[in-house]
file model30.cif (mmCIF, C-alpha atoms)
data_work
loop_
_atom_site.group_PDB
_atom_site.id
_atom_site.type_symbol
_atom_site.label_atom_id
_atom_site.label_comp_id
_atom_site.auth_asym_id
_atom_site.auth_seq_id
_atom_site.Cartn_x
_atom_site.Cartn_y
_atom_site.Cartn_z
ATOM 1 C CA MET A 1 82.679 32.914 7.768
ATOM 2 C CA ALA A 2 82.187 33.462 11.471
ATOM 3 C CA PHE A 3 83.861 36.349 13.282
ATOM 4 C CA PHE A 4 86.596 34.786 15.382
ATOM 5 C CA ILE A 5 86.853 36.175 18.917
ATOM 6 C CA HIS A 6 90.089 35.466 20.714
ATOM 7 C CA PHE A 7 91.776 38.117 22.859
ATOM 8 C CA LYS A 8 94.331 37.278 25.539
ATOM 9 C CA ASP A 9 93.864 40.459 27.546
ATOM 10 C CA PRO A 10 90.514 40.219 29.392
ATOM 11 C CA ASN A 11 90.313 44.024 29.536
ATOM 12 C CA SER A 12 91.298 44.601 25.933
ATOM 13 C CA GLU A 13 89.813 47.748 24.439
ATOM 14 C CA GLU A 14 90.484 46.288 21.033
ATOM 15 C CA MET A 15 88.146 43.411 21.941
ATOM 16 C CA ILE A 16 85.370 45.877 22.809
ATOM 17 C CA ARG A 17 85.887 47.716 19.511
ATOM 18 C CA TYR A 18 85.902 44.414 17.611
ATOM 19 C CA LEU A 19 82.732 43.149 19.337
ATOM 20 C CA SER A 20 80.951 46.442 18.678
ATOM 21 C CA SER A 21 81.676 46.117 14.976
ATOM 22 C CA ILE A 22 80.133 42.656 14.547
ATOM 23 C CA PRO A 23 76.823 42.837 12.653
ATOM 24 C CA LYS A 24 73.699 40.889 13.506
ATOM 25 C CA CYS A 25 72.913 37.936 11.270
ATOM 26 C CA PRO A 26 69.147 37.400 11.038
ATOM 27 C CA GLY A 27 67.898 34.000 10.007
ATOM 28 C CA THR A 28 65.989 30.879 10.924
ATOM 29 C CA CYS A 29 67.163 28.574 13.660
ATOM 30 C CA PHE A 30 66.110 24.929 13.929
ATOM 31 C CA PHE A 31 66.676 22.474 16.702
ATOM 32 C CA MET A 32 65.871 18.932 15.601
ATOM 33 C CA ASP A 33 65.930 16.035 17.985
ATOM 34 C CA ILE A 34 65.525 12.380 17.321
ATOM 35 C CA ASN A 35 63.112 10.864 19.737
ATOM 36 C CA ARG A 36 63.969 8.014 22.087
ATOM 37 C CA SER A 37 67.454 7.737 20.677
ATOM 38 C CA THR A 38 69.070 7.509 24.103
ATOM 39 C CA ASP A 39 67.077 4.551 25.418
ATOM 40 C CA MET A 40 67.468 2.870 22.045
ATOM 41 C CA LYS A 41 71.237 2.773 22.587
ATOM 42 C CA TYR A 42 70.701 0.710 25.724
ATOM 43 C CA LEU A 43 68.470 -1.694 23.825
ATOM 44 C CA GLY A 44 70.554 -2.315 20.706
ATOM 45 C CA GLY A 45 74.016 -2.040 19.264
ATOM 46 C CA LEU A 46 75.526 0.387 16.802
ATOM 47 C CA THR A 47 74.306 -1.665 13.861
ATOM 48 C CA ASP A 48 70.745 -0.975 14.985
ATOM 49 C CA TRP A 49 70.734 2.608 16.249
ATOM 50 C CA GLY A 50 73.572 3.671 13.950
ATOM 51 C CA ARG A 51 71.590 2.476 10.949
ATOM 52 C CA LYS A 52 68.405 4.245 12.016
ATOM 53 C CA LEU A 53 70.251 7.480 12.736
ATOM 54 C CA ASN A 54 71.909 7.290 9.308
ATOM 55 C CA ASN A 55 68.543 6.756 7.629
ATOM 56 C CA THR A 56 66.853 9.520 9.579
ATOM 57 C CA PHE A 57 69.557 12.125 9.039
ATOM 58 C CA ASN A 58 69.536 11.296 5.310
ATOM 59 C CA PHE A 59 65.785 11.717 5.294
ATOM 60 C CA LEU A 60 65.859 15.226 6.776
ATOM 61 C CA SER A 61 65.891 17.011 3.442
ATOM 62 C CA LEU A 62 66.867 20.367 4.912
ATOM 63 C CA LEU A 63 70.136 18.843 6.075
ATOM 64 C CA ASN A 64 70.869 17.903 2.485
ATOM 65 C CA ASP A 65 69.763 21.251 1.111
ATOM 66 C CA PHE A 66 71.748 23.294 3.631
ATOM 67 C CA PRO A 67 74.661 21.013 4.602
ATOM 68 C CA GLU A 68 77.010 23.902 5.307
ATOM 69 C CA TYR A 69 74.559 25.419 7.798
ATOM 70 C CA ILE A 70 74.416 22.510 10.207
ATOM 71 C CA VAL A 71 75.989 24.356 13.085
ATOM 72 C CA LYS A 72 76.373 21.466 15.458
ATOM 73 C CA GLY A 73 75.162 18.080 16.452
ATOM 74 C CA ILE A 74 75.136 17.167 20.109
ATOM 75 C CA GLY A 75 74.236 13.555 20.495
ATOM 76 C CA ASP A 76 71.143 13.168 18.365
ATOM 77 C CA GLU A 77 70.140 16.825 18.442
ATOM 78 C CA ILE A 78 71.044 19.056 15.547
ATOM 79 C CA MET A 79 71.164 22.811 15.331
ATOM 80 C CA LEU A 80 70.678 24.274 11.884
ATOM 81 C CA PHE A 81 70.856 28.001 11.214
ATOM 82 C CA ILE A 82 69.913 29.426 7.829
ATOM 83 C CA PRO A 83 70.824 33.108 7.453
ATOM 84 C CA ASP A 84 68.327 35.202 5.489
ATOM 85 C CA ASP A 85 71.035 36.121 2.989
ATOM 86 C CA VAL A 86 71.531 32.447 2.184
ATOM 87 C CA LEU A 87 67.862 31.488 2.084
ATOM 88 C CA LYS A 88 67.144 34.112 -0.568
ATOM 89 C CA THR A 89 69.801 32.716 -2.885
ATOM 90 C CA LYS A 90 68.523 29.128 -2.929
ATOM 91 C CA SER A 91 66.657 27.884 -5.968
ATOM 92 C CA ALA A 92 64.656 25.034 -4.433
ATOM 93 C CA ILE A 93 63.765 26.095 -0.895
ATOM 94 C CA ASN A 94 63.908 29.859 -0.572
ATOM 95 C CA SER A 95 61.171 31.020 1.758
ATOM 96 C CA TYR A 96 60.164 30.509 5.397
ATOM 97 C CA TYR A 97 56.946 28.814 4.296
ATOM 98 C CA MET A 98 58.931 26.335 2.212
ATOM 99 C CA LEU A 99 61.222 25.580 5.156
ATOM 100 C CA LEU A 100 58.238 24.830 7.379
ATOM 101 C CA GLU A 101 56.385 22.780 4.803
ATOM 102 C CA GLU A 102 59.500 20.724 4.026
ATOM 103 C CA ILE A 103 60.063 19.915 7.684
ATOM 104 C CA TYR A 104 56.412 18.975 8.098
ATOM 105 C CA ALA A 105 56.504 16.733 5.022
ATOM 106 C CA THR A 106 59.672 15.058 6.251
ATOM 107 C CA LEU A 107 58.163 14.263 9.647
ATOM 108 C CA TYR A 108 54.992 13.049 7.914
ATOM 109 C CA ASN A 109 56.977 10.769 5.596
ATOM 110 C CA ILE A 110 58.904 9.303 8.521
ATOM 111 C CA ARG A 111 55.720 8.753 10.494
ATOM 112 C CA HIS A 112 53.889 7.070 7.613
ATOM 113 C CA TYR A 113 56.775 5.141 6.106
ATOM 114 C CA PRO A 114 55.293 1.670 5.746
ATOM 115 C CA VAL A 115 58.366 -0.372 6.726
ATOM 116 C CA GLU A 116 58.895 -0.447 10.487
ATOM 117 C CA ASP A 117 62.284 0.074 12.120
ATOM 118 C CA THR A 118 63.684 2.130 9.249
ATOM 119 C CA PHE A 119 63.571 5.675 10.623
ATOM 120 C CA LEU A 120 63.212 7.367 13.983
ATOM 121 C CA ALA A 121 60.559 9.901 14.897
ATOM 122 C CA CYS A 122 61.699 13.502 15.262
ATOM 123 C CA LYS A 123 60.676 16.697 16.973
ATOM 124 C CA VAL A 124 61.586 20.169 15.772
ATOM 125 C CA ALA A 125 61.630 23.714 17.168
ATOM 126 C CA ILE A 126 61.855 26.696 14.804
ATOM 127 C CA HIS A 127 62.380 30.358 15.595
ATOM 128 C CA TYR A 128 63.079 33.394 13.456
ATOM 129 C CA CYS A 129 66.130 35.072 14.984
ATOM 130 C CA THR A 130 67.101 38.724 14.837
ATOM 131 C CA GLU A 131 69.267 38.833 17.967
ATOM 132 C CA VAL A 132 71.982 36.593 16.637
ATOM 133 C CA TYR A 133 75.643 36.884 15.656
ATOM 134 C CA ASN A 134 77.774 34.657 13.446
ATOM 135 C CA ILE A 135 80.723 34.371 15.836
ATOM 136 C CA THR A 136 83.009 31.721 17.242
ATOM 137 C CA TYR A 137 85.450 31.508 20.101
ATOM 138 C CA PHE A 138 87.197 28.503 18.542
ATOM 139 C CA GLU A 139 89.433 28.942 15.532
ATOM 140 C CA GLY A 140 88.049 27.474 12.313
ATOM 141 C CA ALA A 141 84.623 26.753 13.792
ATOM 142 C CA ASN A 142 81.336 28.222 12.627
ATOM 143 C CA ASP A 143 78.737 29.115 15.213
ATOM 144 C CA TYR A 144 75.851 31.412 16.023
ATOM 145 C CA TYR A 145 75.253 33.032 19.389
ATOM 146 C CA GLY A 146 72.516 35.309 20.658
ATOM 147 C CA SER A 147 69.410 35.448 22.802
ATOM 148 C CA ASP A 148 67.230 34.186 19.936
ATOM 149 C CA ILE A 149 69.346 31.039 19.606
ATOM 150 C CA ASP A 150 68.800 30.385 23.312
ATOM 151 C CA LEU A 151 65.076 30.920 22.829
ATOM 152 C CA THR A 152 64.980 28.300 20.068
ATOM 153 C CA ALA A 153 66.494 25.832 22.523
ATOM 154 C CA ARG A 154 63.813 26.775 25.068
ATOM 155 C CA LEU A 155 61.072 26.114 22.484
ATOM 156 C CA MET A 156 62.458 22.615 22.166
ATOM 157 C CA THR A 157 61.236 21.890 25.695
ATOM 158 C CA LYS A 158 57.668 22.086 24.325
ATOM 159 C CA CYS A 159 58.325 19.501 21.623
ATOM 160 C CA LEU A 160 57.137 15.939 21.551
ATOM 161 C CA GLU A 161 57.555 13.183 18.983
ATOM 162 C CA ASN A 162 56.077 14.158 15.584
ATOM 163 C CA ARG A 163 55.589 17.738 16.703
ATOM 164 C CA ILE A 164 56.894 21.043 15.357
ATOM 165 C CA VAL A 165 56.952 24.014 17.718
ATOM 166 C CA ILE A 166 57.295 27.415 16.067
ATOM 167 C CA SER A 167 57.575 30.869 17.563
ATOM 168 C CA GLU A 168 55.013 33.499 16.627
ATOM 169 C CA LYS A 169 57.869 35.487 15.131
ATOM 170 C CA PHE A 170 58.595 32.666 12.675
ATOM 171 C CA LEU A 171 54.881 32.200 11.941
ATOM 172 C CA ASN A 172 54.653 35.864 10.951
ATOM 173 C CA LYS A 173 57.446 35.354 8.432
ATOM 174 C CA VAL A 174 55.634 32.293 7.074
ATOM 175 C CA ARG A 175 52.383 34.242 6.750
ATOM 176 C CA ASN A 176 54.143 36.992 4.802
ATOM 177 C CA ASP A 177 55.433 34.343 2.395
ATOM 178 C CA LEU A 178 51.970 32.872 1.959
ATOM 179 C CA LYS A 179 50.669 36.308 1.019
ATOM 180 C CA SER A 180 53.423 36.814 -1.520
ATOM 181 C CA HIS A 181 52.836 33.334 -2.997
ATOM 182 C CA GLY A 182 49.099 34.151 -3.190
ATOM 183 C CA LEU A 183 48.266 31.270 -0.841
ATOM 184 C CA ALA A 184 45.686 31.157 1.954
ATOM 185 C CA GLU A 185 46.730 31.459 5.603
ATOM 186 C CA ASN A 186 45.721 27.863 6.314
ATOM 187 C CA THR A 187 47.670 26.358 3.427
ATOM 188 C CA GLY A 188 49.427 23.016 3.852
ATOM 189 C CA CYS A 189 50.543 22.133 7.349
ATOM 190 C CA LEU A 190 49.111 25.374 8.735
ATOM 191 C CA LYS A 191 45.717 23.662 8.653
ATOM 192 C CA ASN A 192 46.912 21.854 11.763
ATOM 193 C CA ILE A 193 48.370 24.777 13.669
ATOM 194 C CA SER A 194 47.325 25.358 17.268
ATOM 195 C CA GLU A 195 46.130 28.530 18.903
ATOM 196 C CA PRO A 196 48.987 30.527 20.422
ATOM 197 C CA PHE A 197 50.468 29.549 23.790
ATOM 198 C CA LEU A 198 52.304 31.945 26.083
ATOM 199 C CA GLU A 199 55.250 30.798 28.139
ATOM 200 C CA ASN A 200 57.752 32.392 30.485
ATOM 201 C CA PHE A 201 60.880 30.492 29.567
ATOM 202 C CA LYS A 202 63.772 30.300 32.016
ATOM 203 C CA GLY A 203 66.164 33.190 31.516
ATOM 204 C CA VAL A 204 63.936 35.020 29.030
ATOM 205 C CA PRO A 205 62.663 38.290 30.527
ATOM 206 C CA MET A 206 59.425 38.445 28.515
ATOM 207 C CA SER A 207 56.684 35.934 27.640
ATOM 208 C CA THR A 208 57.122 34.036 24.406
ATOM 209 C CA LYS A 209 54.251 33.249 22.076
ATOM 210 C CA TYR A 210 54.502 29.944 20.259
ATOM 211 C CA ARG A 211 52.382 27.476 18.265
ATOM 212 C CA ILE A 212 52.297 23.749 17.856
ATOM 213 C CA ILE A 213 51.907 21.748 14.652
ATOM 214 C CA ASP A 214 51.351 18.063 15.268
ATOM 215 C CA VAL A 215 52.049 15.847 12.291
ATOM 216 C CA GLU A 216 48.876 13.991 11.274
ATOM 217 C CA MET B 1 54.025 22.111 -12.839
ATOM 218 C CA GLU B 2 51.554 20.599 -15.253
ATOM 219 C CA LEU B 3 49.706 17.280 -15.044
ATOM 220 C CA ILE B 4 49.035 15.421 -18.269
ATOM 221 C CA GLU B 5 46.543 12.566 -18.059
ATOM 222 C CA LYS B 6 46.191 9.658 -20.426
ATOM 223 C CA ASN B 7 43.604 6.921 -20.029
ATOM 224 C CA THR B 8 44.554 3.407 -21.022
ATOM 225 C CA GLU B 9 42.647 0.148 -20.695
ATOM 226 C CA LYS B 10 44.788 -0.853 -17.746
ATOM 227 C CA CYS B 11 45.190 2.361 -15.779
ATOM 228 C CA LEU B 12 45.265 6.127 -15.716
ATOM 229 C CA ILE B 13 48.680 7.568 -16.530
ATOM 230 C CA ILE B 14 49.517 10.924 -15.003
ATOM 231 C CA GLY B 15 52.566 12.681 -16.381
ATOM 232 C CA ILE B 16 54.153 15.287 -14.133
ATOM 233 C CA ASN B 17 55.786 18.078 -16.102
ATOM 234 C CA GLY B 18 58.172 20.363 -14.229
ATOM 235 C CA ARG B 19 58.827 20.695 -10.516
ATOM 236 C CA LEU B 20 56.803 18.965 -7.826
ATOM 237 C CA ASP B 21 57.665 21.355 -5.028
ATOM 238 C CA THR B 22 56.414 22.941 -1.834
ATOM 239 C CA ILE B 23 54.398 25.606 -3.611
ATOM 240 C CA ASN B 24 52.573 23.474 -6.177
ATOM 241 C CA TYR B 25 52.290 19.996 -4.631
ATOM 242 C CA SER B 26 48.659 20.761 -3.754
ATOM 243 C CA ILE B 27 47.748 20.570 -7.480
ATOM 244 C CA LEU B 28 48.775 16.915 -7.553
ATOM 245 C CA GLU B 29 47.277 16.279 -4.112
ATOM 246 C CA LYS B 30 43.901 17.677 -5.153
ATOM 247 C CA ARG B 31 43.820 15.689 -8.385
ATOM 248 C CA LEU B 32 44.884 12.409 -6.796
ATOM 249 C CA MET B 33 42.346 12.762 -3.991
ATOM 250 C CA GLU B 34 39.586 13.489 -6.541
ATOM 251 C CA LEU B 35 40.526 10.369 -8.473
ATOM 252 C CA LEU B 36 40.656 8.214 -5.364
ATOM 253 C CA ASP B 37 37.278 9.524 -4.234
ATOM 254 C CA GLN B 38 35.949 8.411 -7.630
ATOM 255 C CA ASN B 39 37.478 4.943 -7.044
ATOM 256 C CA THR B 40 40.103 5.405 -9.753
ATOM 257 C CA ASN B 41 42.746 3.341 -8.044
ATOM 258 C CA ARG B 42 44.974 2.047 -10.830
ATOM 259 C CA ILE B 43 47.376 4.885 -11.461
ATOM 260 C CA LEU B 44 50.790 5.133 -13.084
ATOM 261 C CA ILE B 45 52.798 8.299 -12.522
ATOM 262 C CA ASN B 46 55.140 9.062 -15.402
ATOM 263 C CA CYS B 47 58.045 11.102 -14.047
ATOM 264 C CA SER B 48 60.030 11.496 -17.267
ATOM 265 C CA GLN B 49 59.405 15.270 -17.334
ATOM 266 C CA MET B 50 59.584 15.803 -13.557
ATOM 267 C CA ASP B 51 62.880 17.535 -12.840
ATOM 268 C CA TYR B 52 62.567 18.201 -9.090
ATOM 269 C CA VAL B 53 60.676 16.734 -6.157
ATOM 270 C CA SER B 54 60.615 18.120 -2.625
ATOM 271 C CA SER B 55 59.676 16.300 0.573
ATOM 272 C CA SER B 56 56.189 17.801 0.178
ATOM 273 C CA GLY B 57 55.941 16.117 -3.213
ATOM 274 C CA LEU B 58 57.094 12.812 -1.767
ATOM 275 C CA ARG B 59 54.437 13.197 0.953
ATOM 276 C CA ILE B 60 51.655 13.329 -1.634
ATOM 277 C CA LEU B 61 52.984 10.242 -3.421
ATOM 278 C CA LEU B 62 53.162 8.411 -0.091
ATOM 279 C CA MET B 63 49.603 9.470 0.805
ATOM 280 C CA ALA B 64 48.352 8.182 -2.539
ATOM 281 C CA LEU B 65 50.247 4.909 -2.168
ATOM 282 C CA LYS B 66 48.689 4.308 1.259
ATOM 283 C CA ARG B 67 45.161 5.004 0.065
ATOM 284 C CA ILE B 68 45.485 2.932 -3.100
ATOM 285 C CA THR B 69 47.056 0.015 -1.230
ATOM 286 C CA MET B 70 44.160 0.060 1.238
ATOM 287 C CA ALA B 71 41.717 0.068 -1.678
ATOM 288 C CA LYS B 72 43.621 -2.889 -3.188
ATOM 289 C CA GLY B 73 44.417 -0.877 -6.299
ATOM 290 C CA LYS B 74 47.760 -0.365 -8.008
ATOM 291 C CA PHE B 75 50.043 2.646 -7.909
ATOM 292 C CA ALA B 76 53.390 2.764 -9.666
ATOM 293 C CA LEU B 77 55.946 5.217 -10.979
ATOM 294 C CA CYS B 78 58.046 5.139 -14.107
ATOM 295 C CA SER B 79 60.808 6.956 -15.978
ATOM 296 C CA LEU B 80 62.507 8.674 -13.046
ATOM 297 C CA GLN B 81 65.298 11.044 -13.997
ATOM 298 C CA GLU B 82 68.650 10.263 -12.363
ATOM 299 C CA ASN B 83 68.502 13.125 -9.814
ATOM 300 C CA ILE B 84 64.973 12.119 -8.813
ATOM 301 C CA ARG B 85 65.998 8.478 -8.471
ATOM 302 C CA GLU B 86 68.737 9.551 -6.052
ATOM 303 C CA ILE B 87 66.192 11.362 -3.894
ATOM 304 C CA PHE B 88 63.968 8.289 -3.925
ATOM 305 C CA GLU B 89 66.876 6.064 -2.976
ATOM 306 C CA ILE B 90 68.097 8.200 -0.109
ATOM 307 C CA SER B 91 64.609 8.477 1.343
ATOM 308 C CA GLY B 92 63.919 4.758 1.067
ATOM 309 C CA PHE B 93 61.128 5.333 -1.453
ATOM 310 C CA THR B 94 62.587 2.887 -3.981
ATOM 311 C CA THR B 95 61.815 0.156 -1.443
ATOM 312 C CA ILE B 96 58.143 1.008 -1.040
ATOM 313 C CA PHE B 97 57.131 2.098 -4.548
ATOM 314 C CA GLU B 98 56.963 0.004 -7.670
ATOM 315 C CA ILE B 99 59.254 1.869 -10.063
ATOM 316 C CA TYR B 100 59.741 0.965 -13.706
ATOM 317 C CA PRO B 101 62.310 2.270 -16.185
ATOM 318 C CA ASN B 102 59.675 3.291 -18.734
ATOM 319 C CA GLU B 103 55.944 3.448 -19.403
ATOM 320 C CA GLU B 104 55.930 0.339 -21.580
ATOM 321 C CA ASP B 105 57.486 -1.852 -18.863
ATOM 322 C CA ALA B 106 55.151 -0.428 -16.239
ATOM 323 C CA LEU B 107 52.036 -1.102 -18.307
ATOM 324 C CA ARG B 108 53.005 -4.768 -18.618
ATOM 325 C CA VAL B 109 52.466 -5.289 -14.894
ATOM 326 C CA PHE B 110 49.186 -3.377 -14.593
#

call {"tool": "encode", "arguments": {"input": "model30.cif", "output": "structure tokens"}}
result
Amino acid sequence: MAFFIHFKDPNSEEMIRYLSSIPKCPGTCFFMDINRSTDMKYLGGLTDWGRKLNNTFNFLSLLNDFPEYIVKGIGDEIMLFIPDDVLKTKSAINSYYMLLEEIYATLYNIRHYPVEDTFLACKVAIHYCTEVYNITYFEGANDYYGSDIDLTARLMTKCLENRIVISEKFLNKVRNDLKSHGLAENTGCLKNISEPFLENFKGVPMSTKYRIIDVE
Amino acid sequence: MELIEKNTEKCLIIGINGRLDTINYSILEKRLMELLDQNTNRILINCSQMDYVSSSGLRILLMALKRITMAKGKFALCSLQENIREIFEISGFTTIFEIYPNEEDALRVF
């Protein structure tokens, strides 16, 4: 349940005390975008793009495994945030490596699905967040705010169709999982990982290291 | 997960026992790729003992289907448990795979 922030007095000391008491909520943030969905709406009607969006959202297995952690959908972009506390309790997908491998497999399956015009290609950005709070300014809503959420959105600018962009911080979590599973560093989709890139994203005071995984 | 193989006159049957998940899918991947490299391209996957499949597992089945189709072989699945069938349905895999209710029915079409 998100901490609800709503104080009428802009100078409320109670608000400051309340904000100071809110704990951080570390976890994994995903931004997933469906490619070319805007121009498709100009080309066809709801029966066409609505169908493909339905199929694609159904296909994104993480959305089915973590339905209560879909924070928001804006147009055809989805934000998913999986708190560490929740990830650990899951029986099927319960590590950062599994999250990455599942997303990769999903994008692969969409790309190689043999019947055309069934699904839409996706792009995904993933970041491991420590500077994040489970708060909302709107009663009854669930949301996550923090500089690491903003950074995940910035990583999205490096995404293309059939591409996953991950921060180095998330990769380190994945590598720790591989060690604990007794798997090699280049297991699964990590065979295809790029060398690190450095970028000065708008509004972020330090350079960000990230990697690219293009779906074969 | 454990793979149990059974050779028949018509095809090789591979039974998947347990979970086909993100950690162990490479066992099936390795075995299927070995078989395909040896031109074994008539394969029936018996899923009666498979109680979970992740997207990574589906990826390996899709890879195998593509390769076997290109080699003009035959690849089919049988005996899906109800929860697995649901996953196949939602991901459109029931449309692209030949799926039979049991091994006997599947062997008739090989």

call {"tool": "resolve_selection", "arguments": {"input": "model30.cif", "expression": "the PyMOL selection byres ((chain B) within 7 of (chain A))", "output": "PyMOL selection string"}}
result
chain B and resi 22+55-56+59+90-91

call {"tool": "residues_around", "arguments": {"input": "model30.cif", "residues": "Asn24 in chain B", "least_positions_apart": "3", "cutoff": "10 Å", "atoms": "all atoms listed in the file", "output": "PyMOL selection string"}}
result
chain B and resi 1-2+19-21+27-29+56-57

call {"tool": "closest_residue", "arguments": {"input": "model30.cif", "among": "A:Asn172, A:Ser21, A:Ser167, A:Ser180", "to": "Pro196 in chain A", "atoms": "all atoms listed in the file"}}
result
A:Ser167

call {"tool": "residues_around", "arguments": {"input": "model30.cif", "residues": "Ser79 in chain B", "least_positions_apart": "3", "cutoff": "10 Å", "atoms": "all atoms listed in the file", "output": "VMD selection string"}}
result
chain B and resid 45 to 50 82 84 to 85 99 to 106

call {"tool": "write_last_selection", "arguments": {"input": "model30.cif", "atoms": "C-alpha atoms", "output": "PDB file, keeping the file's coordinate frame"}}
result
ATOM      1  CA  ILE B  45      52.798   8.299 -12.522  1.00  0.00           C
ATOM      2  CA  ASN B  46      55.140   9.062 -15.402  1.00  0.00           C
ATOM      3  CA  CYS B  47      58.045  11.102 -14.047  1.00  0.00           C
ATOM      4  CA  SER B  48      60.030  11.496 -17.267  1.00  0.00           C
ATOM      5  CA  GLN B  49      59.405  15.270 -17.334  1.00  0.00           C
ATOM      6  CA  MET B  50      59.584  15.803 -13.557  1.00  0.00           C
ATOM      7  CA  GLU B  82      68.650  10.263 -12.363  1.00  0.00           C
ATOM      8  CA  ILE B  84      64.973  12.119  -8.813  1.00  0.00           C
ATOM      9  CA  ARG B  85      65.998   8.478  -8.471  1.00  0.00           C
ATOM     10  CA  ILE B  99      59.254   1.869 -10.063  1.00  0.00           C
ATOM     11  CA  TYR B 100      59.741   0.965 -13.706  1.00  0.00           C
ATOM     12  CA  PRO B 101      62.310   2.270 -16.185  1.00  0.00           C
ATOM     13  CA  ASN B 102      59.675   3.291 -18.734  1.00  0.00           C
ATOM     14  CA  GLU B 103      55.944   3.448 -19.403  1.00  0.00           C
ATOM     15  CA  GLU B 104      55.930   0.339 -21.580  1.00  0.00           C
ATOM     16  CA  ASP B 105      57.486  -1.852 -18.863  1.00  0.00           C
ATOM     17  CA  ALA B 106      55.151  -0.428 -16.239  1.00  0.00           C
TER      18      ALA B 106
END

call {"tool": "closest_residue", "arguments": {"input": "model30.cif", "among": "B:Leu12, B:Ile60, B:Ile23, B:Ala71", "to": "Asn39 in chain B", "atoms": "only C-alpha atoms"}}
result
B:Ala71

call {"tool": "atom_distance", "arguments": {"input": "model30.cif", "atom1": "CA of Leu151 in chain A", "atom2": "CA of Gly75 in chain A"}}
result
19.8 Å

call {"tool": "closest_residue", "arguments": {"input": "model30.cif", "among": "A:Thr208, A:Ser37, A:Asn176, A:Thr89", "to": "Thr152 in chain A", "atoms": "only C-alpha atoms"}}
result
A:Thr208

call {"tool": "residues_around", "arguments": {"input": "model30.cif", "residues": "Ile78 in chain A", "least_positions_apart": "4", "cutoff": "9 Å", "atoms": "only C-alpha atoms", "output": "ChimeraX atom specification"}}
result
/A:30-34,70-74

call {"tool": "decode", "arguments": {"input": "model30.cif", "residues": "range 210-214 of chain A", "atoms": "all heavy atoms", "output": "PDB file, in the first residue's frame"}}
result
ATOM      1  N   TYR A 210      25.192   1.719 -19.040  1.00  0.00           N
ATOM      2  CA  TYR A 210      24.108   0.817 -19.415  1.00  0.00           C
ATOM      3  C   TYR A 210      24.583  -0.158 -20.496  1.00  0.00           C
ATOM      4  O   TYR A 210      25.630   0.047 -21.123  1.00  0.00           O
ATOM      5  CB  TYR A 210      22.872   1.595 -19.891  1.00  0.00           C
ATOM      6  CG  TYR A 210      23.057   2.309 -21.210  1.00  0.00           C
ATOM      7  CD1 TYR A 210      22.680   1.721 -22.412  1.00  0.00           C
ATOM      8  CD2 TYR A 210      23.622   3.584 -21.259  1.00  0.00           C
ATOM      9  CE1 TYR A 210      22.848   2.371 -23.623  1.00  0.00           C
ATOM     10  CE2 TYR A 210      23.795   4.234 -22.471  1.00  0.00           C
ATOM     11  CZ  TYR A 210      23.410   3.629 -23.649  1.00  0.00           C
ATOM     12  OH  TYR A 210      23.595   4.260 -24.847  1.00  0.00           O
ATOM     13  N   ARG A 211      23.812  -1.198 -20.703  1.00  0.00           N
ATOM     14  CA  ARG A 211      24.112  -2.232 -21.710  1.00  0.00           C
ATOM     15  C   ARG A 211      22.890  -2.470 -22.581  1.00  0.00           C
ATOM     16  O   ARG A 211      21.757  -2.218 -22.152  1.00  0.00           O
ATOM     17  CB  ARG A 211      24.467  -3.554 -21.022  1.00  0.00           C
ATOM     18  CG  ARG A 211      25.492  -3.453 -19.924  1.00  0.00           C
ATOM     19  CD  ARG A 211      26.843  -3.743 -20.425  1.00  0.00           C
ATOM     20  NE  ARG A 211      27.794  -3.795 -19.316  1.00  0.00           N
ATOM     21  CZ  ARG A 211      28.862  -4.580 -19.319  1.00  0.00           C
ATOM     22  NH1 ARG A 211      29.128  -5.376 -20.327  1.00  0.00           N
ATOM     23  NH2 ARG A 211      29.690  -4.561 -18.291  1.00  0.00           N
ATOM     24  N   ILE A 212      23.185  -3.050 -23.725  1.00  0.00           N
ATOM     25  CA  ILE A 212      22.106  -3.345 -24.677  1.00  0.00           C
ATOM     26  C   ILE A 212      22.066  -4.853 -24.928  1.00  0.00           C
ATOM     27  O   ILE A 212      23.116  -5.483 -25.091  1.00  0.00           O
ATOM     28  CB  ILE A 212      22.369  -2.602 -26.006  1.00  0.00           C
ATOM     29  CG1 ILE A 212      22.044  -1.114 -25.843  1.00  0.00           C
ATOM     30  CG2 ILE A 212      21.575  -3.197 -27.161  1.00  0.00           C
ATOM     31  CD1 ILE A 212      22.506  -0.269 -27.007  1.00  0.00           C
ATOM     32  N   ILE A 213      20.869  -5.397 -24.967  1.00  0.00           N
ATOM     33  CA  ILE A 213      20.690  -6.795 -25.392  1.00  0.00           C
ATOM     34  C   ILE A 213      19.697  -6.777 -26.556  1.00  0.00           C
ATOM     35  O   ILE A 213      18.510  -6.460 -26.354  1.00  0.00           O
ATOM     36  CB  ILE A 213      20.148  -7.681 -24.253  1.00  0.00           C
ATOM     37  CG1 ILE A 213      21.079  -7.627 -23.045  1.00  0.00           C
ATOM     38  CG2 ILE A 213      19.975  -9.118 -24.732  1.00  0.00           C
ATOM     39  CD1 ILE A 213      20.530  -8.315 -21.797  1.00  0.00           C
ATOM     40  N   ASP A 214      20.194  -7.055 -27.734  1.00  0.00           N
ATOM     41  CA  ASP A 214      19.306  -7.130 -28.891  1.00  0.00           C
ATOM     42  C   ASP A 214      18.809  -8.563 -29.029  1.00  0.00           C
ATOM     43  O   ASP A 214      19.587  -9.512 -28.938  1.00  0.00           O
ATOM     44  CB  ASP A 214      20.036  -6.693 -30.166  1.00  0.00           C
ATOM     45  CG  ASP A 214      20.136  -5.176 -30.249  1.00  0.00           C
ATOM     46  OD1 ASP A 214      19.173  -4.501 -29.832  1.00  0.00           O
ATOM     47  OD2 ASP A 214      21.171  -4.666 -30.702  1.00  0.00           O
TER      48      ASP A 214
END
